[in-house]
>>> print(open('run.csv').read())   # CSV, N, CA and C atoms and all ligand atoms
chain,number,residue,atom,x,y,z
D,1,MET,N,196.6,107.1,179.5
D,1,MET,CA,196.1,106.7,180.8
D,1,MET,C,197.1,105.9,181.6
D,2,LYS,N,197.8,105.0,180.8
D,2,LYS,CA,198.8,104.1,181.4
D,2,LYS,C,199.9,105.0,182.1
D,3,ASP,N,200.4,105.9,181.3
D,3,ASP,CA,201.6,106.7,181.8
D,3,ASP,C,201.1,107.9,182.6
D,4,SER,N,200.0,108.5,182.3
D,4,SER,CA,199.6,109.7,183.0
D,4,SER,C,198.9,109.3,184.3
D,5,LYS,N,198.4,108.0,184.4
D,5,LYS,CA,197.7,107.6,185.6
D,5,LYS,C,196.5,108.4,185.9
D,6,GLN,N,195.9,109.0,184.8
D,6,GLN,CA,194.7,109.8,184.8
D,6,GLN,C,193.8,109.5,183.7
D,7,CYS,N,192.5,109.4,183.9
D,7,CYS,CA,191.6,109.1,182.8
D,7,CYS,C,191.5,110.3,181.8
D,8,PRO,N,191.6,110.0,180.5
D,8,PRO,CA,191.5,111.1,179.5
D,8,PRO,C,190.1,111.6,179.4
D,9,ARG,N,189.1,110.8,179.8
D,9,ARG,CA,187.7,111.3,179.6
D,9,ARG,C,187.2,112.1,180.8
D,10,CYS,N,187.5,111.7,182.0
D,10,CYS,CA,186.9,112.4,183.2
D,10,CYS,C,188.0,112.9,184.1
D,11,GLN,N,189.3,112.7,183.7
D,11,GLN,CA,190.4,113.2,184.6
D,11,GLN,C,190.5,112.5,185.9
D,12,GLY,N,189.7,111.4,186.1
D,12,GLY,CA,189.7,110.6,187.3
D,12,GLY,C,191.0,109.9,187.5
D,13,THR,N,191.4,109.6,188.7
D,13,THR,CA,192.6,108.9,189.0
D,13,THR,C,192.4,107.5,189.7
D,14,ASP,N,191.1,107.1,189.8
D,14,ASP,CA,190.8,105.8,190.4
D,14,ASP,C,190.9,104.7,189.3
D,15,ILE,N,192.2,104.4,188.9
D,15,ILE,CA,192.4,103.6,187.7
D,15,ILE,C,193.1,102.3,188.1
D,16,TYR,N,192.6,101.2,187.6
D,16,TYR,CA,193.1,99.8,187.9
D,16,TYR,C,193.5,99.1,186.6
D,17,THR,N,194.4,98.2,186.8
D,17,THR,CA,194.9,97.5,185.6
D,17,THR,C,195.1,96.0,185.9
D,18,ASP,N,195.0,95.2,184.9
D,18,ASP,CA,195.3,93.7,185.1
D,18,ASP,C,196.7,93.4,184.5
D,19,GLU,N,197.5,94.5,184.2
D,19,GLU,CA,198.8,94.2,183.7
D,19,GLU,C,199.6,93.4,184.6
D,20,GLY,N,200.2,92.3,184.1
D,20,GLY,CA,201.0,91.4,185.0
D,20,GLY,C,200.2,90.4,185.8
D,21,ILE,N,198.9,90.5,185.7
D,21,ILE,CA,198.0,89.5,186.4
D,21,ILE,C,197.5,88.5,185.4
D,22,SER,N,197.5,87.2,185.7
D,22,SER,CA,197.0,86.3,184.7
D,22,SER,C,195.5,86.5,184.5
D,23,LYS,N,195.1,86.3,183.2
D,23,LYS,CA,193.8,86.7,182.8
D,23,LYS,C,193.1,85.6,182.1
D,24,ARG,N,191.8,85.7,182.0
D,24,ARG,CA,191.0,84.8,181.2
D,24,ARG,C,189.8,85.6,180.7
D,25,GLY,N,189.2,85.0,179.6
D,25,GLY,CA,188.1,85.7,179.0
D,25,GLY,C,188.4,86.0,177.5
D,26,ASP,N,187.5,86.8,176.9
D,26,ASP,CA,187.6,87.0,175.5
D,26,ASP,C,188.5,88.1,175.1
D,27,ARG,N,188.8,89.0,176.0
D,27,ARG,CA,189.6,90.2,175.6
D,27,ARG,C,191.0,90.2,176.1
D,28,VAL,N,191.6,89.0,176.2
D,28,VAL,CA,192.9,88.9,176.8
D,28,VAL,C,194.0,89.0,175.8
D,29,GLY,N,193.7,88.7,174.5
D,29,GLY,CA,194.9,88.7,173.6
D,29,GLY,C,194.5,89.1,172.2
D,30,LEU,N,195.6,89.4,171.5
D,30,LEU,CA,195.5,89.7,170.0
D,30,LEU,C,196.2,88.5,169.3
D,31,GLY,N,195.5,88.0,168.3
D,31,GLY,CA,196.1,87.0,167.4
D,31,GLY,C,196.9,87.8,166.4
D,32,VAL,N,198.2,87.6,166.4
D,32,VAL,CA,199.1,88.3,165.4
D,32,VAL,C,199.2,87.5,164.2
D,33,ASP,N,199.4,86.2,164.3
D,33,ASP,CA,199.4,85.3,163.2
D,33,ASP,C,198.9,84.0,163.8
D,34,SER,N,198.9,82.9,163.0
D,34,SER,CA,198.3,81.6,163.5
D,34,SER,C,199.0,81.1,164.8
D,35,TRP,N,200.2,81.5,165.0
D,35,TRP,CA,201.0,80.9,166.1
D,35,TRP,C,201.3,81.8,167.2
D,36,THR,N,201.0,83.1,167.0
D,36,THR,CA,201.4,84.1,167.9
D,36,THR,C,200.2,84.9,168.5
D,37,GLN,N,200.2,84.9,169.8
D,37,GLN,CA,199.2,85.7,170.5
D,37,GLN,C,199.9,86.6,171.5
D,38,ILE,N,199.5,87.9,171.5
D,38,ILE,CA,200.0,88.9,172.4
D,38,ILE,C,199.0,89.2,173.4
D,39,PHE,N,199.3,89.2,174.7
D,39,PHE,CA,198.4,89.5,175.7
D,39,PHE,C,198.2,91.0,175.9
D,40,ILE,N,197.0,91.4,176.2
D,40,ILE,CA,196.6,92.7,176.3
D,40,ILE,C,196.5,93.1,177.8
D,41,ALA,N,197.0,94.3,178.2
D,41,ALA,CA,196.8,94.8,179.5
D,41,ALA,C,195.7,95.9,179.4
D,42,THR,N,194.7,95.7,180.3
D,42,THR,CA,193.6,96.6,180.3
D,42,THR,C,193.7,97.5,181.5
D,43,TYR,N,193.3,98.8,181.2
D,43,TYR,CA,193.3,99.8,182.2
D,43,TYR,C,191.8,100.3,182.3
D,44,VAL,N,191.3,100.4,183.5
D,44,VAL,CA,189.9,100.8,183.6
D,44,VAL,C,189.8,101.9,184.6
D,45,CYS,N,189.0,102.9,184.2
D,45,CYS,CA,188.7,104.0,185.1
D,45,CYS,C,187.5,103.7,185.9
D,46,LEU,N,187.6,103.6,187.2
D,46,LEU,CA,186.4,103.2,188.0
D,46,LEU,C,185.5,104.4,188.3
D,47,SER,N,185.9,105.6,187.8
D,47,SER,CA,185.0,106.8,188.0
D,47,SER,C,183.9,106.8,186.9
D,48,CYS,N,184.4,106.6,185.6
D,48,CYS,CA,183.5,106.7,184.5
D,48,CYS,C,183.3,105.5,183.6
D,49,GLY,N,184.2,104.5,183.9
D,49,GLY,CA,184.1,103.2,183.2
D,49,GLY,C,184.9,103.1,181.9
D,50,PHE,N,185.6,104.2,181.6
D,50,PHE,CA,186.5,104.2,180.4
D,50,PHE,C,187.5,103.1,180.5
D,51,ILE,N,187.7,102.4,179.3
D,51,ILE,CA,188.7,101.3,179.3
D,51,ILE,C,189.7,101.6,178.2
D,52,ASP,N,191.0,101.4,178.6
D,52,ASP,CA,192.1,101.6,177.6
D,52,ASP,C,192.9,100.3,177.6
D,53,GLU,N,193.5,100.0,176.4
D,53,GLU,CA,194.2,98.8,176.3
D,53,GLU,C,195.6,99.0,175.7
D,54,TYR,N,196.5,98.2,176.2
D,54,TYR,CA,197.9,98.2,175.6
D,54,TYR,C,198.4,96.8,175.5
D,55,ILE,N,199.5,96.6,174.8
D,55,ILE,CA,200.1,95.3,174.8
D,55,ILE,C,200.8,95.2,176.2
D,56,ASP,N,200.5,94.0,176.8
D,56,ASP,CA,201.1,93.7,178.1
D,56,ASP,C,202.7,93.9,178.0
D,57,LYS,N,203.3,94.5,179.0
D,57,LYS,CA,204.7,94.9,178.8
D,57,LYS,C,205.6,93.7,178.6
D,58,GLU,N,205.2,92.5,179.2
D,58,GLU,CA,206.1,91.4,179.0
D,58,GLU,C,206.0,90.9,177.5
D,59,PHE,N,205.1,91.4,176.7
D,59,PHE,CA,205.0,91.0,175.3
D,59,PHE,C,205.6,92.1,174.4
D,60,MET,N,206.1,93.2,175.0
D,60,MET,CA,206.7,94.3,174.2
D,60,MET,C,208.1,93.9,173.9
D,61,THR,N,208.3,92.8,173.2
D,61,THR,CA,209.7,92.4,172.9
D,61,THR,C,209.9,92.6,171.4
D,62,GLU,N,211.1,92.8,171.0
D,62,GLU,CA,211.4,93.1,169.5
D,62,GLU,C,210.9,92.0,168.6
D,63,LYS,N,211.0,90.7,169.1
D,63,LYS,CA,210.5,89.6,168.3
D,63,LYS,C,209.0,89.6,168.1
D,64,LYS,N,208.2,90.0,169.1
D,64,LYS,CA,206.8,90.1,169.0
D,64,LYS,C,206.4,91.3,168.1
D,65,LEU,N,207.0,92.4,168.4
D,65,LEU,CA,206.7,93.6,167.6
D,65,LEU,C,207.1,93.4,166.1
D,66,GLU,N,208.1,92.6,165.8
D,66,GLU,CA,208.5,92.4,164.4
D,66,GLU,C,207.4,91.5,163.8
D,67,LYS,N,206.7,90.6,164.5
D,67,LYS,CA,205.6,89.9,163.9
D,67,LYS,C,204.5,90.7,163.6
D,68,ILE,N,204.2,91.7,164.4
D,68,ILE,CA,203.1,92.7,164.1
D,68,ILE,C,203.5,93.5,162.8
D,69,ARG,N,204.8,93.9,162.7
D,69,ARG,CA,205.2,94.7,161.6
D,69,ARG,C,205.1,93.8,160.3
D,70,LYS,N,205.3,92.5,160.4
D,70,LYS,CA,205.3,91.7,159.3
D,70,LYS,C,203.9,91.3,158.8
D,71,ASN,N,203.0,91.2,159.8
D,71,ASN,CA,201.6,90.6,159.5
D,71,ASN,C,200.6,91.7,159.4
D,72,TRP,N,200.8,92.8,160.0
D,72,TRP,CA,199.7,93.9,160.0
D,72,TRP,C,200.2,94.9,159.0
D,73,ARG,N,199.4,95.9,158.8
D,73,ARG,CA,199.8,97.0,157.9
D,73,ARG,C,199.9,98.3,158.7
D,74,PRO,N,200.9,99.2,158.3
D,74,PRO,CA,201.1,100.4,159.0
D,74,PRO,C,199.9,101.4,158.8
D,75,LEU,N,199.6,102.2,159.7
D,75,LEU,CA,198.5,103.2,159.6
D,75,LEU,C,199.2,104.4,158.8
D,76,THR,N,198.8,104.6,157.6
D,76,THR,CA,199.4,105.7,156.9
D,76,THR,C,198.4,106.8,156.6
K,1,ZN,ZN,187.2,108.3,183.8
>>> encode(input="run.csv", output="structure tokens", more="lines below")
Ligand SMILES: [Zn+2]
Amino acid sequence: MKDSKQCPRCQGTDIYTDEGISKRGDRVGLGVDSWTQIFIATYVCLSCGFIDEYIDKEFMTEKKLEKIRKNWRPLT
């Protein structure tokens, strides 16, 4: 959805995101460990209400990704 700019459910293109916009609320971040939080960028389709989430691009740094690799488990 982020890259295609099209909703995978309804093929709609009326999509909005909070990426790069300061956020508040319960669904803003992932706790990676006790000291590290990564903000989430949400994409919403205004046609059907589908929501897709990604790591906010400013948190896609090698340092943050390494913390995920260290603290989470790979999907095998
Ligand atoms: Zn949709």
>>> residues_near_ligand(input="run.csv", ligand="ligand ZN 1 (chain K)", cutoff="5 Å", atoms="only N, CA and C atoms and all ligand atoms", output="PyMOL selection string")
chain D and resi 7+9-12+45+47-50
>>> select_by_dssp(input="run.csv", residues="chain D", states="strand (DSSP E)", output="ChimeraX atom specification")
/D:15-17,29-33,36-45,51-55
>>> closest_residue(input="run.csv", among="D:Thr13, D:Thr76, D:Gln6, D:Gln37", to="D:Met60", atoms="only C-alpha atoms")
D:Gln37
>>> residues_around(input="run.csv", residues="D:Thr17", least_positions_apart="4", cutoff="7 Å", atoms="only C-alpha atoms", output="PyMOL selection string")
chain D and resi 41-44
>>> closest_residue(input="run.csv", among="D:Leu30, D:Ile15, D:Ile40, D:Met1", to="D:Asp56", atoms="all atoms listed in the file")
D:Ile40
>>> closest_residue(input="run.csv", among="D:Lys2, D:Pro74, D:Arg69, D:Arg24", to="D:Ile55", atoms="only C-alpha atoms")
D:Lys2
>>> residues_near_point(input="run.csv", point="(194.3, 85.9, 172.8)", cutoff="6.5 Å", atoms="all atoms listed in the file", output="VMD selection string")
chain D and resid 27 to 31 37 to 39
>>> atom_distance(input="run.csv", atom1="atom CA of D:Glu53", atom2="atom CA of D:Thr36")
18.4 Å
>>> atom_distance(input="run.csv", atom1="atom N of D:Lys70", atom2="atom N of D:Tyr54")
19.0 Å
>>> select_by_dssp(input="run.csv", residues="chain D", states="helix (DSSP H, G or I)", output="PDB file with N, CA and C atoms, keeping the file's coordinate frame")
ATOM      1  N   LYS D  57     203.300  94.500 179.000  1.00  0.00           N
ATOM      2  CA  LYS D  57     204.700  94.900 178.800  1.00  0.00           C
ATOM      3  C   LYS D  57     205.600  93.700 178.600  1.00  0.00           C
ATOM      4  N   GLU D  58     205.200  92.500 179.200  1.00  0.00           N
ATOM      5  CA  GLU D  58     206.100  91.400 179.000  1.00  0.00           C
ATOM      6  C   GLU D  58     206.000  90.900 177.500  1.00  0.00           C
ATOM      7  N   PHE D  59     205.100  91.400 176.700  1.00  0.00           N
ATOM      8  CA  PHE D  59     205.000  91.000 175.300  1.00  0.00           C
ATOM      9  C   PHE D  59     205.600  92.100 174.400  1.00  0.00           C
ATOM     10  N   GLU D  62     211.100  92.800 171.000  1.00  0.00           N
ATOM     11  CA  GLU D  62     211.400  93.100 169.500  1.00  0.00           C
ATOM     12  C   GLU D  62     210.900  92.000 168.600  1.00  0.00           C
ATOM     13  N   LYS D  63     211.000  90.700 169.100  1.00  0.00           N
ATOM     14  CA  LYS D  63     210.500  89.600 168.300  1.00  0.00           C
ATOM     15  C   LYS D  63     209.000  89.600 168.100  1.00  0.00           C
ATOM     16  N   LYS D  64     208.200  90.000 169.100  1.00  0.00           N
ATOM     17  CA  LYS D  64     206.800  90.100 169.000  1.00  0.00           C
ATOM     18  C   LYS D  64     206.400  91.300 168.100  1.00  0.00           C
ATOM     19  N   LEU D  65     207.000  92.400 168.400  1.00  0.00           N
ATOM     20  CA  LEU D  65     206.700  93.600 167.600  1.00  0.00           C
ATOM     21  C   LEU D  65     207.100  93.400 166.100  1.00  0.00           C
ATOM     22  N   GLU D  66     208.100  92.600 165.800  1.00  0.00           N
ATOM     23  CA  GLU D  66     208.500  92.400 164.400  1.00  0.00           C
ATOM     24  C   GLU D  66     207.400  91.500 163.800  1.00  0.00           C
ATOM     25  N   LYS D  67     206.700  90.600 164.500  1.00  0.00           N
ATOM     26  CA  LYS D  67     205.600  89.900 163.900  1.00  0.00           C
ATOM     27  C   LYS D  67     204.500  90.700 163.600  1.00  0.00           C
ATOM     28  N   ILE D  68     204.200  91.700 164.400  1.00  0.00           N
ATOM     29  CA  ILE D  68     203.100  92.700 164.100  1.00  0.00           C
ATOM     30  C   ILE D  68     203.500  93.500 162.800  1.00  0.00           C
ATOM     31  N   ARG D  69     204.800  93.900 162.700  1.00  0.00           N
ATOM     32  CA  ARG D  69     205.200  94.700 161.600  1.00  0.00           C
ATOM     33  C   ARG D  69     205.100  93.800 160.300  1.00  0.00           C
ATOM     34  N   LYS D  70     205.300  92.500 160.400  1.00  0.00           N
ATOM     35  CA  LYS D  70     205.300  91.700 159.300  1.00  0.00           C
ATOM     36  C   LYS D  70     203.900  91.300 158.800  1.00  0.00           C
ATOM     37  N   ASN D  71     203.000  91.200 159.800  1.00  0.00           N
ATOM     38  CA  ASN D  71     201.600  90.600 159.500  1.00  0.00           C
ATOM     39  C   ASN D  71     200.600  91.700 159.400  1.00  0.00           C
TER      40      ASN D  71
END
>>> atom_distance(input="run.csv", atom1="atom C of D:Lys5", atom2="atom CA of D:Thr61")
24.5 Å
>>> closest_residue(input="run.csv", among="D:Leu46, D:Lys63, D:Asn71, D:Ile51", to="D:Tyr16", atoms="only N, CA and C atoms")
D:Leu46
